[in-house]
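Report on the following structure.
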Amino acid sequence: MKTNITLIGLLFLFLGSCASPKYLPSAAKIDVNQYGSYIKIKRKTDSKINGEFIAIDSNRIVVLQEETKKCVSVPISDLKHFKLIYAKPKHYGLSIPTTIALPFIHGLYSIVTIPIHLLVTISVTASGERAFRYSDKNMNYDMLKMFARYPQGIPHSIALDSIN
Amino acid sequence: MTKKHLYYILALVIVVTAIQSCATYYFRSNYNDVNSLMYETKSLMTKPFLKAHLKNGSICILNDSWQIDTTLNVVSGNGTQYDYNRKQTFQGAINIPIDSVALFETNVKIRNPEAGRITALSILAGLDVVVGIICITNPKACFGSCPTFYLNENDNFHYSDAEGFSNAIVPSMEYYDIDAINRPNIKNNGFSITMKNEALETHCVNDVKVLAYPLEKGERVFQSPNNDFYLCQNNYPLSLAKANEGDITTLLKSPDRQERFSLSDENNLKSKEEIYLNFEDVNHSKDLGLVLHFRQTMMTTYLFYSAMGYMGNNVGDFFARLETDEKMRNKFDATTKDLGGIDCYIWNEKTNAWMLQPKINETGPIAINKQFIPFLNPQAGFKVKVKLVLNKGLWRLDYAALTNIKKQVKPIELSPISIYNKGKLDNKALAEINAPDKHLISMPGSEYKFNFTLPNTNSEYEFFLYSKGYYLEWMREHWIKDKNLLKLNQMVYHPEKFLKQEAKNYKQYESKMEQEFWNSKINTKTFSYDEN
């Protein structure tokens with residue numbers, strides 16, 4: 001039981017770490033959102049950059065970094081992986097702990113229903129968290145461009161450090 | 001719910017889960033010029049919102065009434081304008097010169113993106129409700145009873161090797177129970193047995209030990225219903241077994257868990273049936289006895305839980321009375337006593353009559369009991385006929401054979417040398433088991449591994465498990481609504497009438513649950529309510 005609680009706790013921590021930024025729209029409002037999508041970049045040096053996706057061209061990708069609120073420019077050649085979240089995911093994590101109550105409701109049948117419950121609730125929770133995202137596995141840079149704040153590229157008149 | 005149904009549900013849930021987890025949406029389009037925008041969107045049934053990304057970094061988001069005026073070269077509509085830092089600068093009717101636009105963007109609405117996940121959770125909720133209703137309606141099928149013992153700690157209750165003191169439901173009813181068990185896995189002179197609490201009960205275990213007897217080649221030791229032990233040799237397999245339904249020889253010929261059982265009488269739970277066993281080629285007909293592997297159906301569990309339900313919110317008062325009133329104690333299981341055990345008869349060729357032998361009776365539906373009836377009357381000839389008289393729908397028989405008694409013996413007693421509580425050495429538990437006046441308290445989900453050492457590694461042994469204690473059934477909230485003191489009174493003081501009246505109710509439960517419960521042999525570990 002202690003192990004189960006620890007696992008569920010870890011899952012919550014994991015899901016908590018996936019909390020999406022406030023500026024992301026719900027799936028129903030993706031067509032009226034004025035911001036760029038949320039992007040997570042892993043560089044070849046293994047360092048990570050998270051924040052609003054500002055623009056991309058053939059040489060660099062620009063991200064308004066979440067922590068510093070400053071734009072960071074990363075050479076495309078230095079990019080290892082990316083994940084892009086374009087809408088707020090729905091959280092189904094609360095469905096997982098309901099499994100704890102099953103032995104008291106289903107008795108010996110819980111031997112069967114607990115694994116089914118865990119399979120479904122963990123899968124639904126995980127897929128809910130992953131629902132509105134792309135990665136370098138299913139999107140190329142040309143398509144990625146459409147999810148930037150400036151899909152046309154950063155206008156020449158705008159200085160990077162003035163973007164917020 | 002059968003195994004087949006479970007597979008269907010599991011498959012459906014997996015398919016739905018897989019489908020919803022694979023969904024990837026491609027919904028966004030960009031247009032570098034107004035012509036491609038017009039061309040691509042004219043065939044759409046619903047006009048999308050339009051985002052115009054301006055060359056200066058601003059954005060205009062127009063609602064679905066936007067228009068393109070190719071004469072004036074403007075896009076117009078109602079919407080909102082934001083500057084390059086996405087601060088709102090205007091809201092209302094907007095005319096955007098096409099020349100100022102760097103890029104147009106449209107998005108197709110994602111319809112019901114959560115549908116797959118909600119469907120999966122709905123199916124799951126449906127499954128929970130169905131199983132919940134089954135358990136509320138028939139709690140007897142969902143909740144087991146008594147401590148269960150395992151030679152292989154990874155087995156579940158379907159493969160339990162023994163179950164302890166099933167009738168000891170209050171402290172004053174504490175007793176010891178001895179069950180024959182298979183040969184454990186012996187390593188370096190030692191072996192272990194795991195005790196689990198797999199029910200909503202508090203188990204108070206006074207003692208657990210192993211009784212062992214060294215064997216020579218061809219010998220076996222069997223335990224009689226009176227807990228006497230007989231050293232035996234020779235095995236005479238069944239030639240023919242007949243019951244009401246016909247030939248049942250294949251079901252009883254070998255100890256393979258393929259059990260013969262019947263369904264209860266729909267007019268009276270107390271209703272007897274007969275089984276005839278024929279043995280041929282019995283070369284030594286002197287000092288014979290019958291080896292029988294058996295266990296109960298869920299009938300007695302049903303009766304016990306019914307009694308608990310009838311007590312309703314007075315359950316505490318009744319259990320206090322059970323504890324202090326011996327008469328009440330003796331009457332409490334009147335229905336179970338009325339159903340009786342397995343009566344055994346052998347045919348006497350000389351007198352042409354059936355001769356009654358000692359009877360077998362052991363409560364518990366989980367572990368298969370292996371007991372022995374030493375025949376009281378000597379037999380002559382190579383053919384032996386046996387008749388078993390038993391209550392319909394109460395017993396499951398797995399194996400029957402004859403054997404010869406060599407002598408009565410006394411096994412050696414092995415106390416545990418150490419106890420592990422979920423993998424950790426538990427000296428307190430060992431002290432409690434070894435102290436005659438103390439109890440090891442085992443809560444739902446508990447698992448205790450008892451380790452034993454054999455005196456002589458070179459011998460083969462016959463093993464028996466000795467367990468002593470009592471258990472306290474946990475009252476379920478949904479049982480309280482079943483309170484019916486008149487029914488309880490009938491159960492205790494007029495058991496025959498009760499068994500007659502309850503027959504139809506049990507039949508309904510039996511037809512739905514009994515067979516299905518035991519058919520669902522799922523070798524899966526396990527569930528846990530509580531941490532010790």
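Chain labels A, B, ... are given in the sequence in which chains occur in the structure tokens; within each chain residues are numbered consecutively from 1, and ligands are likewise numbered from 1 in the order shown.
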
List as a Markdown table every residue of chain A that is in contact with chain B, defined as an atom at most 9 Å from one of its atoms (using only C-alpha atoms), together with the nearest atom pair and the distance in Å rounded to one decimal, sorted by chain and then rising number.
| residue | atom | partner | partner_atom | distance |
| --- | --- | --- | --- | --- |
| A:Met1 | CA | B:Glu531 | CA | 5.9 |
| A:Lys2 | CA | B:Glu531 | CA | 6.7 |
| A:Ala27 | CA | B:Ile110 | CA | 6.9 |
| A:Ala28 | CA | B:Ile110 | CA | 6.8 |
| A:Lys29 | CA | B:Lys109 | CA | 8.4 |
| A:Ile30 | CA | B:Asn107 | CA | 7.5 |
| A:Asp31 | CA | B:Asn107 | CA | 5.4 |
| A:Val32 | CA | B:Ile61 | CA | 6.4 |
| A:Asn33 | CA | B:Ile61 | CA | 8.4 |
| A:Gln34 | CA | B:Arg86 | CA | 6.5 |
| A:Tyr35 | CA | B:Arg86 | CA | 7.0 |
| A:Lys90 | CA | B:Glu114 | CA | 8.1 |
| A:Ser95 | CA | B:Leu121 | CA | 8.6 |
| A:Ile100 | CA | B:Tyr529 | CA | 8.0 |
| A:Ala101 | CA | B:Tyr529 | CA | 8.9 |
| A:Leu102 | CA | B:Asp128 | CA | 8.3 |
| A:Pro103 | CA | B:Phe527 | CA | 7.1 |
| A:Phe104 | CA | B:Leu200 | CA | 8.0 |
| A:Ile105 | CA | B:Gly132 | CA | 5.7 |
| A:His106 | CA | B:Gly132 | CA | 5.6 |
| A:Gly107 | CA | B:Cys142 | CA | 4.6 |
| A:Leu108 | CA | B:Cys142 | CA | 4.9 |
| A:Tyr109 | CA | B:Cys142 | CA | 6.1 |
| A:Ser110 | CA | B:Phe527 | CA | 7.1 |
| A:Ile111 | CA | B:Thr526 | CA | 5.6 |
| A:Val112 | CA | B:Ile522 | CA | 7.7 |
| A:Thr113 | CA | B:Asp128 | CA | 7.8 |
| A:Ile114 | CA | B:Phe527 | CA | 8.1 |
| A:Ile116 | CA | B:Leu10 | CA | 6.9 |
| A:His117 | CA | B:Leu124 | CA | 7.0 |
| A:Leu119 | CA | B:Ile14 | CA | 8.3 |
| A:Val120 | CA | B:Thr17 | CA | 6.6 |
| A:Thr121 | CA | B:Leu121 | CA | 7.3 |
| A:Ser123 | CA | B:Thr17 | CA | 6.7 |
| A:Val124 | CA | B:Arg117 | CA | 5.7 |
| A:Thr125 | CA | B:Arg117 | CA | 8.5 |
| A:Ala126 | CA | B:Ser21 | CA | 8.1 |
| A:Ser127 | CA | B:Ser21 | CA | 4.9 |
| A:Gly128 | CA | B:Arg117 | CA | 7.4 |
| A:Arg130 | CA | B:Ser21 | CA | 8.2 |
| A:Ala131 | CA | B:Ala23 | CA | 7.3 |
| A:Phe132 | CA | B:Thr24 | CA | 7.6 |
| A:Arg133 | CA | B:Thr24 | CA | 8.0 |
| A:Tyr134 | CA | B:Thr24 | CA | 8.0 |
| A:Asn138 | CA | B:Thr24 | CA | 8.9 |
| A:Met146 | CA | B:Asn30 | CA | 6.7 |
| A:Phe147 | CA | B:Arg28 | CA | 8.5 |
| A:Arg149 | CA | B:Gly57 | CA | 8.8 |
| A:Tyr150 | CA | B:Gly57 | CA | 6.7 |
| A:Pro151 | CA | B:Leu103 | CA | 7.6 |
| A:Gln152 | CA | B:Ala102 | CA | 6.2 |
| A:Gly153 | CA | B:Gly57 | CA | 8.7 |
| A:Ile154 | CA | B:Gly57 | CA | 7.1 |
| A:Pro155 | CA | B:Asn56 | CA | 5.9 |
| A:His156 | CA | B:Asn56 | CA | 8.2 |
| A:Ser157 | CA | B:Asn56 | CA | 7.0 |
| A:Ile158 | CA | B:Gly57 | CA | 7.7 |
| A:Ser162 | CA | B:Asn85 | CA | 8.4 |
| A:Ile163 | CA | B:Asn85 | CA | 6.0 |
| A:Asn164 | CA | B:Asn85 | CA | 5.9 |

_If you run DSSP on the backbone here, which positions in range 394-485 of chain B get alpha helix (DSSP H)? Please write them as JSON, numbers by chain._
{"B": [427, 428, 429, 430, 431, 432, 433, 434, 485]}

Residues flagged strand (DSSP E) by DSSP in range 27-82 of chain A, as a short mmCIF file (atom, residue, chain, number, x, y, z; two decimals) with C-alpha atoms, in the first residue's frame:
data_model
loop_
_atom_site.label_atom_id
_atom_site.label_comp_id
_atom_site.auth_asym_id
_atom_site.auth_seq_id
_atom_site.Cartn_x
_atom_site.Cartn_y
_atom_site.Cartn_z
CA TYR A 38 4.35 26.86 -25.43
CA ILE A 39 7.56 25.15 -26.51
CA LYS A 40 10.10 23.02 -24.70
CA ILE A 41 13.47 22.79 -26.40
CA LYS A 42 16.27 20.41 -25.63
CA ARG A 43 19.62 21.51 -26.98
CA LYS A 48 16.58 23.01 -21.81
CA ILE A 49 14.64 26.12 -22.70
CA ASN A 50 10.90 26.49 -22.06
CA GLY A 51 8.62 29.34 -22.94
CA GLU A 52 6.44 31.02 -25.54
CA PHE A 53 7.40 30.18 -29.09
CA ILE A 54 8.13 33.54 -30.74
CA ALA A 55 9.49 32.72 -34.20
CA ILE A 56 11.61 30.39 -36.29
CA ARG A 60 17.39 30.08 -35.41
CA ILE A 61 14.44 29.58 -33.14
CA VAL A 62 13.40 32.30 -30.70
CA VAL A 63 11.72 31.55 -27.39
CA LEU A 64 10.44 33.98 -24.75
CA GLN A 65 11.94 32.13 -21.83
CA CYS A 71 13.87 36.18 -25.55
CA VAL A 72 16.49 33.53 -26.21
CA SER A 73 17.72 32.69 -29.65
CA VAL A 74 18.89 29.14 -30.32
CA PRO A 75 20.64 28.08 -33.55
CA LEU A 79 18.44 21.91 -31.44
CA LYS A 80 18.06 18.28 -30.41
CA HIS A 81 14.33 17.86 -29.63
CA PHE A 82 11.28 20.01 -29.16
#

*Identify which of the residues B:Ala503, B:Cys146, B:Leu486, B:Leu151 lies closest to Asn167 in chain B, counting only C-alpha atoms when measuring atom-to-atom distances.*
B:Cys146

*asked:* List the spatial neighbours of Tyr150 in chain B as a PyMOL selection string - criterion: any atom at most 9 Å away, only C-alpha atoms, same-chain residues fewer than 2 positions off excluded.
replied: chain B and resi 148+152-157+159-162+192-196
